[in-house]
file query-v2.cif (mmCIF, C-alpha atoms and all ligand atoms)
data_my_file
#
loop_
_atom_site.label_atom_id
_atom_site.label_comp_id
_atom_site.auth_asym_id
_atom_site.auth_seq_id
_atom_site.Cartn_x
_atom_site.Cartn_y
_atom_site.Cartn_z
CA MET A 1171 -30.64 -0.14 -12.11
CA SER A 1172 -26.88 -0.08 -12.40
CA TYR A 1173 -25.00 -1.21 -15.48
CA LEU A 1174 -21.82 -1.67 -13.47
CA ALA A 1175 -20.88 -5.28 -12.83
CA LYS A 1176 -21.66 -6.50 -9.37
CA ASN A 1177 -18.11 -7.35 -8.26
CA TYR A 1178 -18.27 -4.71 -5.50
CA ASN A 1179 -20.58 -4.49 -2.55
CA ARG A 1180 -20.79 -0.69 -2.73
CA LYS A 1181 -22.13 1.53 0.04
CA LYS A 1182 -25.17 3.55 -1.03
CA ILE A 1183 -23.41 6.89 -1.05
CA SER A 1184 -21.72 9.07 -3.64
CA PHE A 1185 -19.76 12.27 -3.37
CA LYS A 1186 -19.87 15.59 -5.18
CA TYR A 1187 -16.43 16.82 -4.20
CA GLY A 1188 -13.67 16.53 -1.66
CA LYS A 1189 -11.32 18.91 0.10
CA GLY A 1190 -8.40 17.77 2.22
CA SER A 1191 -9.64 15.25 4.79
CA PHE A 1192 -13.31 15.76 3.91
CA LEU A 1193 -15.78 14.44 1.36
CA TYR A 1194 -19.11 16.09 0.57
CA SER A 1195 -21.95 13.77 -0.40
CA LYS A 1196 -24.62 14.24 -3.02
CA ASP A 1197 -27.13 14.89 -0.25
CA ASN A 1198 -24.92 17.66 1.17
CA LYS A 1199 -23.43 15.83 4.12
CA LYS A 1200 -19.82 16.28 5.19
CA TYR A 1201 -17.76 13.19 5.92
CA LEU A 1202 -14.34 12.85 7.50
CA ASP A 1203 -12.62 10.61 4.97
CA PHE A 1204 -10.19 8.27 6.70
CA VAL A 1205 -10.18 5.87 3.76
CA GLN A 1206 -8.71 8.26 1.19
CA GLY A 1207 -9.20 5.81 -1.65
CA ILE A 1208 -7.40 3.14 0.44
CA ALA A 1209 -4.15 4.94 1.20
CA VAL A 1210 -4.13 6.51 -2.27
CA ASN A 1211 -4.81 10.20 -1.64
CA SER A 1212 -1.63 10.87 0.35
CA LEU A 1213 -2.39 14.58 0.46
CA GLY A 1214 -6.15 14.40 0.79
CA HIS A 1215 -8.63 15.58 -1.80
CA ALA A 1216 -7.97 18.40 -4.26
CA HIS A 1217 -4.59 19.44 -2.87
CA PRO A 1218 -3.86 22.83 -4.53
CA LYS A 1219 -0.34 21.84 -5.65
CA LEU A 1220 -1.60 18.64 -7.26
CA VAL A 1221 -4.48 20.47 -8.94
CA LYS A 1222 -1.99 22.98 -10.30
CA ALA A 1223 0.45 20.30 -11.48
CA ILE A 1224 -2.18 18.33 -13.39
CA ASN A 1225 -3.74 21.47 -14.87
CA ASN A 1226 -0.42 22.82 -16.07
CA GLN A 1227 0.69 19.52 -17.57
CA SER A 1228 -2.72 18.88 -19.17
CA LYS A 1229 -2.25 21.97 -21.32
CA LYS A 1230 1.19 20.84 -22.53
CA LEU A 1231 1.31 17.10 -23.09
CA TRP A 1232 -0.67 14.13 -21.78
CA HIS A 1233 0.76 11.10 -23.38
CA VAL A 1234 3.60 9.96 -25.56
CA SER A 1235 4.82 6.43 -26.10
CA ASN A 1236 7.67 5.01 -24.09
CA ALA A 1237 9.38 4.71 -27.48
CA PHE A 1238 10.45 8.30 -26.78
CA GLN A 1239 12.23 10.11 -23.96
CA ILE A 1240 9.94 11.28 -21.17
CA PRO A 1241 11.81 13.92 -19.12
CA GLU A 1242 9.09 14.09 -16.41
CA GLY A 1243 9.61 10.35 -15.81
CA GLU A 1244 13.40 10.73 -15.77
CA LYS A 1245 12.98 13.39 -13.14
CA LEU A 1246 10.73 11.30 -10.88
CA ALA A 1247 12.89 8.18 -11.24
CA LYS A 1248 15.96 10.21 -10.24
CA LYS A 1249 14.22 11.61 -7.17
CA ILE A 1250 13.10 8.12 -6.11
CA CYS A 1251 16.56 6.62 -6.61
CA GLN A 1252 18.25 9.45 -4.72
CA LYS A 1253 15.91 8.92 -1.75
CA THR A 1254 15.98 5.11 -1.62
CA PHE A 1255 17.97 1.91 -2.15
CA ALA A 1256 16.92 1.84 -5.81
CA ASP A 1257 19.19 2.23 -8.82
CA TYR A 1258 16.44 1.97 -11.45
CA VAL A 1259 12.69 2.48 -11.74
CA MET A 1260 10.05 1.17 -14.19
CA PHE A 1261 6.71 2.96 -14.22
CA GLN A 1262 3.33 1.21 -14.42
CA ASN A 1263 -0.25 2.21 -13.65
CA SER A 1264 -1.33 0.14 -10.68
CA GLY A 1265 -0.23 -2.00 -7.78
CA ALA A 1266 -0.97 -5.36 -9.34
CA GLU A 1267 1.02 -4.44 -12.42
CA ALA A 1268 3.88 -3.42 -10.17
CA THR A 1269 3.88 -6.65 -8.15
CA GLU A 1270 3.67 -8.72 -11.34
CA ALA A 1271 6.52 -6.77 -12.87
CA ALA A 1272 8.50 -7.38 -9.67
CA ILE A 1273 8.02 -11.11 -10.22
CA LYS A 1274 9.13 -10.71 -13.83
CA VAL A 1275 12.27 -8.83 -12.77
CA ALA A 1276 13.16 -11.55 -10.24
CA ARG A 1277 12.67 -14.42 -12.69
CA ARG A 1278 14.39 -12.62 -15.50
CA TYR A 1279 17.43 -11.95 -13.29
CA PHE A 1280 17.99 -15.65 -12.67
CA TYR A 1281 17.39 -16.43 -16.32
CA PHE A 1282 19.91 -13.73 -17.21
CA ILE A 1283 22.62 -15.21 -14.95
CA GLY A 1284 22.05 -18.72 -16.32
CA LYS A 1285 19.89 -20.13 -13.51
CA PRO A 1286 16.44 -20.26 -15.14
CA HIS A 1287 15.34 -23.06 -12.78
CA LYS A 1288 15.23 -20.47 -10.00
CA ASN A 1289 11.78 -19.11 -10.78
CA ARG A 1290 9.50 -19.77 -7.81
CA ILE A 1291 8.29 -16.97 -5.57
CA LEU A 1292 7.70 -17.60 -1.88
CA CYS A 1293 4.84 -15.51 -0.43
CA VAL A 1294 2.80 -15.18 2.75
CA LYS A 1295 -0.43 -17.14 2.80
CA ASN A 1296 -3.45 -14.81 2.57
CA SER A 1297 -1.32 -11.81 1.68
CA PHE A 1298 -2.43 -9.31 -0.94
CA HIS A 1299 -0.53 -8.43 -4.08
CA GLY A 1300 -3.36 -7.42 -6.40
CA ARG A 1301 -6.11 -8.98 -8.48
CA THR A 1302 -4.53 -10.03 -11.76
CA ILE A 1303 -4.33 -13.73 -12.56
CA ALA A 1304 -0.78 -14.22 -11.31
CA ALA A 1305 -1.13 -11.83 -8.35
CA ILE A 1306 -4.15 -13.67 -6.92
CA PHE A 1307 -2.22 -16.93 -6.94
CA ALA A 1308 0.75 -15.14 -5.36
CA SER A 1309 -1.58 -14.15 -2.53
CA GLY A 1310 -2.43 -17.78 -1.83
CA SER A 1311 -5.94 -16.87 -0.76
CA LYS A 1312 -8.72 -19.37 -1.35
CA LYS A 1313 -11.33 -16.63 -1.49
CA MET A 1314 -9.52 -14.61 -4.15
CA THR A 1315 -8.61 -17.55 -6.38
CA GLU A 1316 -11.85 -19.55 -6.22
CA GLY A 1317 -13.20 -20.09 -9.73
CA PHE A 1318 -10.21 -18.56 -11.45
CA GLY A 1319 -8.26 -21.71 -12.22
CA PRO A 1320 -6.24 -23.25 -13.66
CA LYS A 1321 -3.88 -22.33 -10.89
CA VAL A 1322 -0.92 -20.19 -11.91
CA SER A 1323 2.05 -22.20 -10.76
CA GLY A 1324 5.33 -20.84 -9.49
CA PHE A 1325 4.20 -19.66 -6.05
CA ASP A 1326 4.82 -21.23 -2.66
CA HIS A 1327 3.39 -20.06 0.65
CA PHE A 1328 4.19 -19.88 4.34
CA SER A 1329 2.07 -18.57 7.21
CA PHE A 1330 2.75 -15.08 8.56
CA GLY A 1331 5.21 -15.38 11.45
CA ASP A 1332 5.97 -19.07 10.88
CA HIS A 1333 9.75 -18.92 10.49
CA ARG A 1334 10.19 -22.68 10.43
CA SER A 1335 7.79 -23.15 7.56
CA LEU A 1336 9.40 -20.23 5.73
CA LYS A 1337 12.83 -21.87 5.89
CA LYS A 1338 11.42 -25.25 4.90
CA LYS A 1339 9.68 -23.84 1.82
CA ILE A 1340 12.90 -22.45 0.30
CA THR A 1341 14.15 -24.86 -2.36
CA LYS A 1342 16.79 -24.78 -5.07
CA ASN A 1343 14.06 -23.40 -7.35
CA THR A 1344 13.21 -20.41 -5.18
CA ALA A 1345 13.98 -17.10 -6.86
CA ALA A 1346 12.60 -14.65 -4.33
CA ILE A 1347 10.63 -14.08 -1.16
CA MET A 1348 7.89 -11.48 -1.56
CA VAL A 1349 6.24 -9.95 1.51
CA GLU A 1350 4.42 -6.79 2.56
CA PRO A 1351 6.38 -5.12 5.40
CA ILE A 1352 2.97 -4.18 6.78
CA MET A 1353 0.12 -6.36 5.55
CA GLY A 1354 -2.64 -3.97 4.55
CA GLU A 1355 -5.64 -5.98 3.35
CA GLY A 1356 -4.48 -8.81 5.60
CA GLY A 1357 -5.28 -6.83 8.76
CA ILE A 1358 -2.43 -4.35 9.40
CA ASN A 1359 0.12 -6.93 10.52
CA VAL A 1360 3.53 -5.34 10.91
CA ILE A 1361 6.60 -7.50 10.26
CA PRO A 1362 8.93 -6.60 13.16
CA ASP A 1363 12.23 -5.02 12.18
CA PHE A 1364 14.29 -7.94 13.50
CA CYS A 1365 12.29 -10.31 11.25
CA LEU A 1366 12.95 -8.17 8.20
CA LYS A 1367 16.64 -8.25 9.10
CA GLU A 1368 16.57 -12.03 9.44
CA LEU A 1369 14.68 -12.28 6.17
CA ARG A 1370 17.42 -10.31 4.42
CA LYS A 1371 20.10 -12.52 5.96
CA LEU A 1372 18.23 -15.63 4.92
CA CYS A 1373 17.93 -14.35 1.33
CA ASN A 1374 21.64 -13.57 1.25
CA LYS A 1375 22.51 -17.01 2.59
CA LYS A 1376 20.27 -18.78 0.07
CA LYS A 1377 21.26 -16.39 -2.73
CA ILE A 1378 17.67 -15.41 -3.44
CA LEU A 1379 16.03 -12.02 -3.90
CA LEU A 1380 13.96 -10.04 -1.43
CA ILE A 1381 10.86 -8.31 -2.82
CA LEU A 1382 9.11 -5.95 -0.40
CA ASP A 1383 5.62 -4.98 -1.57
CA GLU A 1384 5.23 -1.37 -0.44
CA VAL A 1385 2.15 -0.70 -2.56
CA GLN A 1386 0.07 0.14 0.53
CA CYS A 1387 2.59 0.81 3.32
CA GLY A 1388 5.05 2.84 1.23
CA ILE A 1389 5.32 6.51 0.19
CA SER A 1390 5.52 7.92 3.73
CA ARG A 1391 2.38 6.12 4.95
CA SER A 1392 4.35 4.38 7.73
CA GLY A 1393 6.08 7.56 8.90
CA ASP A 1394 9.19 6.69 6.90
CA PHE A 1395 9.31 6.93 3.14
CA PHE A 1396 9.32 3.12 3.11
CA ALA A 1397 8.05 0.92 5.93
CA PHE A 1398 11.17 -1.26 5.75
CA GLU A 1399 13.56 1.67 6.36
CA GLN A 1400 13.55 1.41 10.16
CA SER A 1401 14.95 -2.12 9.88
CA LYS A 1402 17.84 -0.83 7.74
CA VAL A 1403 17.49 -3.74 5.30
CA LYS A 1404 18.03 -3.22 1.59
CA PRO A 1405 15.55 -5.10 -0.58
CA ASP A 1406 16.29 -6.03 -4.19
CA ILE A 1407 12.93 -5.11 -5.66
CA VAL A 1408 10.11 -2.91 -4.35
CA PRO A 1409 6.76 -2.50 -6.10
CA ILE A 1410 4.95 0.75 -5.22
CA ALA A 1411 1.65 2.32 -6.31
CA LYS A 1412 -1.25 3.71 -4.24
CA GLY A 1413 0.24 6.75 -2.48
CA ILE A 1414 2.70 7.90 -5.14
CA GLY A 1415 0.01 9.29 -7.47
CA GLY A 1416 -1.99 11.05 -4.75
CA GLY A 1417 -5.14 9.84 -6.54
CA PHE A 1418 -3.77 9.56 -10.08
CA PRO A 1419 -3.11 5.94 -11.09
CA ILE A 1420 0.65 5.33 -10.93
CA GLY A 1421 2.57 2.16 -10.16
CA ALA A 1422 6.29 1.47 -10.28
CA ILE A 1423 8.95 -1.11 -9.59
CA LEU A 1424 12.13 -0.01 -7.87
CA MET A 1425 15.15 -2.25 -8.23
CA ASN A 1426 18.85 -2.43 -7.58
CA LYS A 1427 21.50 -2.54 -10.25
CA LYS A 1428 22.10 -6.27 -9.88
CA VAL A 1429 18.58 -7.36 -10.80
CA ALA A 1430 18.03 -4.53 -13.29
CA ALA A 1431 20.71 -6.08 -15.50
CA GLY A 1432 18.20 -8.65 -16.74
CA MET A 1433 15.70 -6.07 -17.94
CA THR A 1434 17.15 -5.54 -21.39
CA PRO A 1435 15.22 -3.74 -24.18
CA GLY A 1436 11.96 -5.50 -25.01
CA THR A 1437 11.67 -7.49 -21.77
CA HIS A 1438 8.87 -5.36 -20.31
CA GLY A 1439 6.65 -2.48 -21.30
CA SER A 1440 3.49 -0.55 -20.63
CA THR A 1441 1.51 1.68 -22.97
CA PHE A 1442 0.41 4.13 -20.30
CA GLY A 1443 3.06 3.57 -17.65
CA GLY A 1444 4.96 6.75 -16.80
CA ASN A 1445 3.21 9.10 -19.21
CA PRO A 1446 3.85 12.85 -18.82
CA LEU A 1447 0.50 13.58 -17.13
CA ALA A 1448 1.02 10.87 -14.50
CA MET A 1449 4.64 11.89 -13.97
CA ALA A 1450 3.76 15.56 -13.45
CA VAL A 1451 1.50 14.50 -10.57
CA GLY A 1452 3.99 11.91 -9.23
CA ASN A 1453 6.80 14.47 -9.13
CA THR A 1454 4.63 16.86 -7.14
CA VAL A 1455 3.55 14.18 -4.64
CA MET A 1456 7.16 13.04 -4.25
CA ASP A 1457 8.43 16.59 -3.63
CA ILE A 1458 5.95 17.06 -0.80
CA VAL A 1459 5.82 13.69 0.97
CA SER A 1460 9.50 12.78 0.96
CA THR A 1461 10.86 15.71 2.97
CA LYS A 1462 12.10 15.14 6.49
CA GLN A 1463 9.74 17.75 7.86
CA PHE A 1464 6.73 16.09 6.25
CA LEU A 1465 7.78 12.68 7.57
CA ASN A 1466 8.29 14.09 11.07
CA ASN A 1467 4.77 15.43 10.90
CA VAL A 1468 3.38 12.03 9.88
CA LYS A 1469 5.22 10.50 12.83
CA LYS A 1470 3.81 13.15 15.18
CA SER A 1471 0.24 12.64 13.95
CA SER A 1472 0.70 8.89 14.21
CA LYS A 1473 1.95 9.02 17.78
CA TYR A 1474 -0.95 11.20 18.82
CA PHE A 1475 -3.55 9.07 17.02
CA LEU A 1476 -2.17 5.71 18.19
CA SER A 1477 -1.75 6.74 21.84
CA ASN A 1478 -5.31 8.05 21.98
CA LEU A 1479 -6.68 4.96 20.22
CA ASN A 1480 -4.89 2.86 22.83
CA LYS A 1481 -6.64 4.90 25.52
CA LEU A 1482 -9.95 4.00 23.87
CA LYS A 1483 -8.87 0.38 23.87
CA GLU A 1484 -8.36 0.59 27.64
CA LYS A 1485 -11.68 2.35 28.06
CA TYR A 1486 -13.53 -0.28 26.00
CA PRO A 1487 -11.60 -3.52 26.65
CA LYS A 1488 -14.53 -5.68 25.56
CA ILE A 1489 -14.88 -4.01 22.17
CA ILE A 1490 -11.36 -3.16 21.01
CA LYS A 1491 -8.90 -6.04 21.01
CA GLU A 1492 -5.82 -4.37 19.60
CA ILE A 1493 -4.59 -1.17 17.99
CA ARG A 1494 -2.17 -2.04 15.21
CA GLY A 1495 -0.04 -0.37 12.63
CA ARG A 1496 2.61 2.20 12.06
CA GLY A 1497 2.48 5.77 10.86
CA LEU A 1498 -0.96 6.49 9.46
CA LEU A 1499 -1.61 2.90 8.41
CA ILE A 1500 -3.75 2.03 11.40
CA GLY A 1501 -5.92 -0.94 12.30
CA ILE A 1502 -8.46 -1.18 15.10
CA GLN A 1503 -8.97 -4.88 15.73
CA LEU A 1504 -12.34 -5.68 17.29
CA TYR A 1505 -13.57 -8.71 19.19
CA LYS A 1506 -16.57 -8.94 16.88
CA ASP A 1507 -17.11 -8.65 13.13
CA GLN A 1508 -16.39 -5.05 12.15
CA THR A 1509 -19.27 -4.48 9.66
CA ASN A 1510 -21.64 -2.88 12.15
CA PHE A 1511 -18.88 -0.79 13.72
CA ILE A 1512 -17.87 0.63 10.34
CA LYS A 1513 -21.53 1.38 9.54
CA LYS A 1514 -21.97 3.22 12.83
CA LEU A 1515 -18.82 5.26 12.22
CA MET A 1516 -20.23 6.17 8.82
CA ASP A 1517 -23.60 7.13 10.35
CA ASN A 1518 -21.53 9.53 12.47
CA LYS A 1519 -19.77 10.86 9.36
CA LEU A 1520 -16.44 9.06 9.69
CA LEU A 1521 -15.40 6.87 6.77
CA THR A 1522 -13.15 3.86 7.44
CA ILE A 1523 -12.65 0.54 5.67
CA ARG A 1524 -12.36 -3.08 6.67
CA ALA A 1525 -9.31 -5.35 6.57
CA ALA A 1526 -9.04 -9.05 7.41
CA ASP A 1527 -9.01 -10.24 11.05
CA GLN A 1528 -11.98 -8.09 12.20
CA VAL A 1529 -9.91 -4.98 11.65
CA VAL A 1530 -11.26 -1.49 10.98
CA ARG A 1531 -8.66 0.23 8.81
CA VAL A 1532 -8.07 3.92 9.43
CA LEU A 1533 -6.21 5.73 6.66
CA PRO A 1534 -6.23 9.51 7.03
CA PRO A 1535 -4.39 11.67 4.52
CA LEU A 1536 -0.74 12.06 5.52
CA ASN A 1537 -1.22 15.81 6.05
CA VAL A 1538 -4.19 15.27 8.41
CA LYS A 1539 -4.71 17.97 11.04
CA LYS A 1540 -4.74 17.35 14.78
CA LYS A 1541 -8.30 18.62 15.11
CA GLU A 1542 -9.41 16.15 12.43
CA ILE A 1543 -7.82 13.29 14.38
CA ASP A 1544 -9.64 14.61 17.48
CA GLN A 1545 -12.90 14.59 15.56
CA ALA A 1546 -12.32 10.97 14.50
CA LEU A 1547 -11.42 9.93 18.07
CA LYS A 1548 -14.62 11.53 19.34
CA ILE A 1549 -16.71 9.57 16.82
CA ILE A 1550 -14.91 6.29 17.57
CA ASN A 1551 -15.46 6.90 21.30
CA LYS A 1552 -19.16 7.58 20.70
CA VAL A 1553 -19.64 4.39 18.69
CA CYS A 1554 -17.79 2.32 21.31
CA ALA A 1555 -20.00 3.81 24.02
CA GLU A 1556 -23.14 2.95 22.02
CA LEU A 1557 -22.02 -0.64 21.53
CA LYS A 1558 -20.93 -1.19 25.12
C1 LIG A 1601 -3.57 -2.47 -3.23
C2 LIG A 1601 -2.43 -3.40 -3.22
C3 LIG A 1601 -1.99 -4.03 -4.40
C4 LIG A 1601 -2.73 -3.94 -5.70
O1 LIG A 1601 -2.85 -2.65 -6.17
P1 LIG A 1601 -3.91 -2.32 -7.35
O2 LIG A 1601 -3.58 -0.92 -7.72
O3 LIG A 1601 -5.27 -2.49 -6.77
O4 LIG A 1601 -3.66 -3.28 -8.44
C5 LIG A 1601 -0.84 -4.81 -4.32
N1 LIG A 1601 -0.18 -4.97 -3.16
C6 LIG A 1601 -0.58 -4.39 -2.02
C7 LIG A 1601 0.21 -4.59 -0.77
C8 LIG A 1601 -1.73 -3.60 -2.00
O5 LIG A 1601 -2.17 -3.06 -0.87
#

call {"tool": "encode", "arguments": {"input": "query-v2.cif", "output": "structure tokens", "more": "lines below"}}
Ligand SMILES: *Cc1c(COP(=O)(O)O)cnc(C)c1O
result
Amino acid sequence: MSYLAKNYNRKKISFKYGKGSFLYSKDNKKYLDFVQGIAVNSLGHAHPKLVKAINNQSKKLWHVSNAFQIPEGEKLAKKICQKTFADYVMFQNSGAEATEAAIKVARRYFYFIGKPHKNRILCVKNSFHGRTIAAIFASGSKKMTEGFGPKVSGFDHFSFGDHRSLKKKITKNTAAIMVEPIMGEGGINVIPDFCLKELRKLCNKKKILLILDEVQCGISRSGDFFAFEQSKVKPDIVPIAKGIGGGFPIGAILMNKKVAAGMTPGTHGSTFGGNPLAMAVGNTVMDIVSTKQFLNNVKKSSKYFLSNLNKLKEKYPKIIKEIRGRGLLIGIQLYKDQTNFIKKLMDNKLLTIRAADQVVRVLPPLNVKKKEIDQALKIINKVCAELK
């Protein structure tokens, strides 16, 4: 009997340890882990530099209050700002905290400039921004909000790709549009670059803010440090989390100078956010994943993986409907429900995870090796052949 609440439908498997792209189960089986904690372990399991960073810091200082200076956090914030559009960073511990703080920053900005009526956030229907009370209502998903009323007001929704509805939903009370450049949980739907550009123009025209949720698609997962970079747009606020801690819980909100002006002392805080232990790990992840060489490698792995997955799609046109994604945020959309497919992959020692729209999500570590991609392709081919 388990004393853990039943809010997860867990697979009957547990792991003793992990190394790079692999996980080793309690019953001594070796799995190729292309879930990596859902795009969290950017560098795979037990990366030597991360192990070293956390060990070293753990002997010096774990936690001090944000009432004091935290040089490790200063360092990471500086690195992030030098690499991106951001002028300021606030550290949190998770994605939902980051998206909620993004909403706070947007509302507070309009309050600060004397327009407190501009407080509504326009989001994509059935998107994913986390599981806290406000974030579930931001997502506009019936499944996630059922039974958790009263409804948190202040969110409006439009359907993914429906530009007319998007324009119609902007009112004088809209403060910001919040979207994921690549919808993760929603089924690996990429917002095309020209749409992001139009979105930025629309926000400028309506004098509202653009929040891009890069919690899943950010931190080099897409082949660029941020998924929106290819479009050349500059967002106002970007929540991040998953990949930046490489397995240690870290979240953050990146923002430009304009909106940061509203975040005066006392407006936001977090007990744990940005503590020295977390920041030691975050700095190490950042140093590795943000270099041009590393990003080029992600792009190379992605190209190889995607082109070969597309070959499998051609080979099994009745099973695979579409290969989606960018970088190493990959979705295999099937014609049928993906549950059995994912189980068969797991029986063959490849771990993947579902997303909406009958999508099998494939999330290797960003430093995945070519021969590991080959191994995954071989297993996917085998399962397709079995199901044919
Ligand atoms: C995972 C995710 C979140 C929530 O992150 P948590 O750490 O689970 O709170 C928010 N937004 C996006 C796009 C995500 O993928």

call {"tool": "residues_near_ligand", "arguments": {"input": "query-v2.cif", "ligand": "ligand LIG 1601 (chain A)", "cutoff": "8 Å", "atoms": "all atoms listed in the file", "output": "PDB file with C-alpha atoms, in the frame of the given file"}}
result
ATOM      1  CA  ILE A1208      -7.400   3.140   0.440  1.00  0.00           C
ATOM      2  CA  ASN A1263      -0.250   2.210 -13.650  1.00  0.00           C
ATOM      3  CA  SER A1264      -1.330   0.140 -10.680  1.00  0.00           C
ATOM      4  CA  GLY A1265      -0.230  -2.000  -7.780  1.00  0.00           C
ATOM      5  CA  ALA A1266      -0.970  -5.360  -9.340  1.00  0.00           C
ATOM      6  CA  GLU A1267       1.020  -4.440 -12.420  1.00  0.00           C
ATOM      7  CA  ALA A1268       3.880  -3.420 -10.170  1.00  0.00           C
ATOM      8  CA  THR A1269       3.880  -6.650  -8.150  1.00  0.00           C
ATOM      9  CA  SER A1297      -1.320 -11.810   1.680  1.00  0.00           C
ATOM     10  CA  PHE A1298      -2.430  -9.310  -0.940  1.00  0.00           C
ATOM     11  CA  HIS A1299      -0.530  -8.430  -4.080  1.00  0.00           C
ATOM     12  CA  GLY A1300      -3.360  -7.420  -6.400  1.00  0.00           C
ATOM     13  CA  ARG A1301      -6.110  -8.980  -8.480  1.00  0.00           C
ATOM     14  CA  THR A1302      -4.530 -10.030 -11.760  1.00  0.00           C
ATOM     15  CA  GLU A1350       4.420  -6.790   2.560  1.00  0.00           C
ATOM     16  CA  MET A1353       0.120  -6.360   5.550  1.00  0.00           C
ATOM     17  CA  GLY A1354      -2.640  -3.970   4.550  1.00  0.00           C
ATOM     18  CA  GLU A1355      -5.640  -5.980   3.350  1.00  0.00           C
ATOM     19  CA  ASP A1383       5.620  -4.980  -1.570  1.00  0.00           C
ATOM     20  CA  GLU A1384       5.230  -1.370  -0.440  1.00  0.00           C
ATOM     21  CA  VAL A1385       2.150  -0.700  -2.560  1.00  0.00           C
ATOM     22  CA  GLN A1386       0.070   0.140   0.530  1.00  0.00           C
ATOM     23  CA  CYS A1387       2.590   0.810   3.320  1.00  0.00           C
ATOM     24  CA  PRO A1409       6.760  -2.500  -6.100  1.00  0.00           C
ATOM     25  CA  ILE A1410       4.950   0.750  -5.220  1.00  0.00           C
ATOM     26  CA  ALA A1411       1.650   2.320  -6.310  1.00  0.00           C
ATOM     27  CA  LYS A1412      -1.250   3.710  -4.240  1.00  0.00           C
ATOM     28  CA  PRO A1419      -3.110   5.940 -11.090  1.00  0.00           C
ATOM     29  CA  GLY A1421       2.570   2.160 -10.160  1.00  0.00           C
TER      30      GLY A1421
END

call {"tool": "closest_residue", "arguments": {"input": "query-v2.cif", "among": "A:Phe1204, A:Phe1307, A:Phe1442, A:Phe1396", "to": "Phe1261 in chain A", "atoms": "only C-alpha atoms"}}
result
A:Phe1442

call {"tool": "residues_around", "arguments": {"input": "query-v2.cif", "residues": "Leu1547 in chain A", "least_positions_apart": "4", "cutoff": "10 Å", "atoms": "all atoms listed in the file", "output": "ChimeraX atom specification"}}
result
/A:1475,1478-1479,1482,1520,1541-1543,1551-1553

call {"tool": "atom_distance", "arguments": {"input": "query-v2.cif", "atom1": "CA of Ala1304 in chain A", "atom2": "CA of Ile1250 in chain A"}}
result
26.8 Å

call {"tool": "residues_around", "arguments": {"input": "query-v2.cif", "residues": "range 1277-1290 of chain A", "least_positions_apart": "4", "cutoff": "6 Å", "atoms": "all atoms listed in the file", "output": "PDB file with C-alpha atoms, keeping the file's coordinate frame"}}
result
ATOM      1  CA  GLY A1324       5.330 -20.840  -9.490  1.00  0.00           C
ATOM      2  CA  PHE A1325       4.200 -19.660  -6.050  1.00  0.00           C
ATOM      3  CA  ASN A1343      14.060 -23.400  -7.350  1.00  0.00           C
ATOM      4  CA  THR A1344      13.210 -20.410  -5.180  1.00  0.00           C
ATOM      5  CA  ALA A1345      13.980 -17.100  -6.860  1.00  0.00           C
ATOM      6  CA  VAL A1429      18.580  -7.360 -10.800  1.00  0.00           C
ATOM      7  CA  GLY A1432      18.200  -8.650 -16.740  1.00  0.00           C
TER       8      GLY A1432
END

call {"tool": "residues_near_point", "arguments": {"input": "query-v2.cif", "point": "(2.3, 16.8, 8.2)", "cutoff": "7 Å", "atoms": "all atoms listed in the file", "output": "ChimeraX atom specification"}}
result
/A:1464-1465,1467-1468,1536-1538

call {"tool": "closest_residue", "arguments": {"input": "query-v2.cif", "among": "A:Leu1382, A:Ala1272, A:Met1433, A:Leu1499", "to": "Asn1359 in chain A", "atoms": "only C-alpha atoms"}}
result
A:Leu1499

call {"tool": "closest_residue", "arguments": {"input": "query-v2.cif", "among": "A:Val1360, A:Val1455, A:Val1349, A:Ile1340", "to": "Gly1497 in chain A", "atoms": "only C-alpha atoms"}}
result
A:Val1360

call {"tool": "residues_near_point", "arguments": {"input": "query-v2.cif", "point": "(4.8, 13.5, 11.4)", "cutoff": "12 Å", "atoms": "all atoms listed in the file", "output": "NGL selection string"}}
result
:A and (1390-1395 or 1459-1475 or 1496-1498 or 1535-1540)

call {"tool": "residues_around", "arguments": {"input": "query-v2.cif", "residues": "Met1260 in chain A", "least_positions_apart": "3", "cutoff": "9 Å", "atoms": "all atoms listed in the file", "output": "list in words"}}
result
Ala1247, Ala1268, Ala1271, Gly1421, Ala1422, Ile1423, Leu1424, Met1425, Gly1439, Gly1443 and Gly1444 of chain A

call {"tool": "axis_aligned_box", "arguments": {"input": "query-v2.cif", "around": "range 1178-1190 of chain A", "padding_each_side": "3 Å", "output": "JSON"}}
result
{"center_x": -16.8, "center_y": 7.1, "center_z": -1.6, "size_x": 22.8, "size_y": 29.6, "size_z": 13.7}

call {"tool": "closest_residue", "arguments": {"input": "query-v2.cif", "among": "A:Val1408, A:Ala1216, A:Val1259, A:Leu1476", "to": "Gly1501 in chain A", "atoms": "all atoms listed in the file"}}
result
A:Leu1476

call {"tool": "atom_distance", "arguments": {"input": "query-v2.cif", "atom1": "CA of Gly1310 in chain A", "atom2": "CA of Pro1351 in chain A"}}
result
17.0 Å

call {"tool": "closest_residue", "arguments": {"input": "query-v2.cif", "among": "A:Phe1255, A:Arg1524, A:Lys1488, A:Ala1346", "to": "Lys1377 in chain A", "atoms": "only C-alpha atoms"}}
result
A:Ala1346
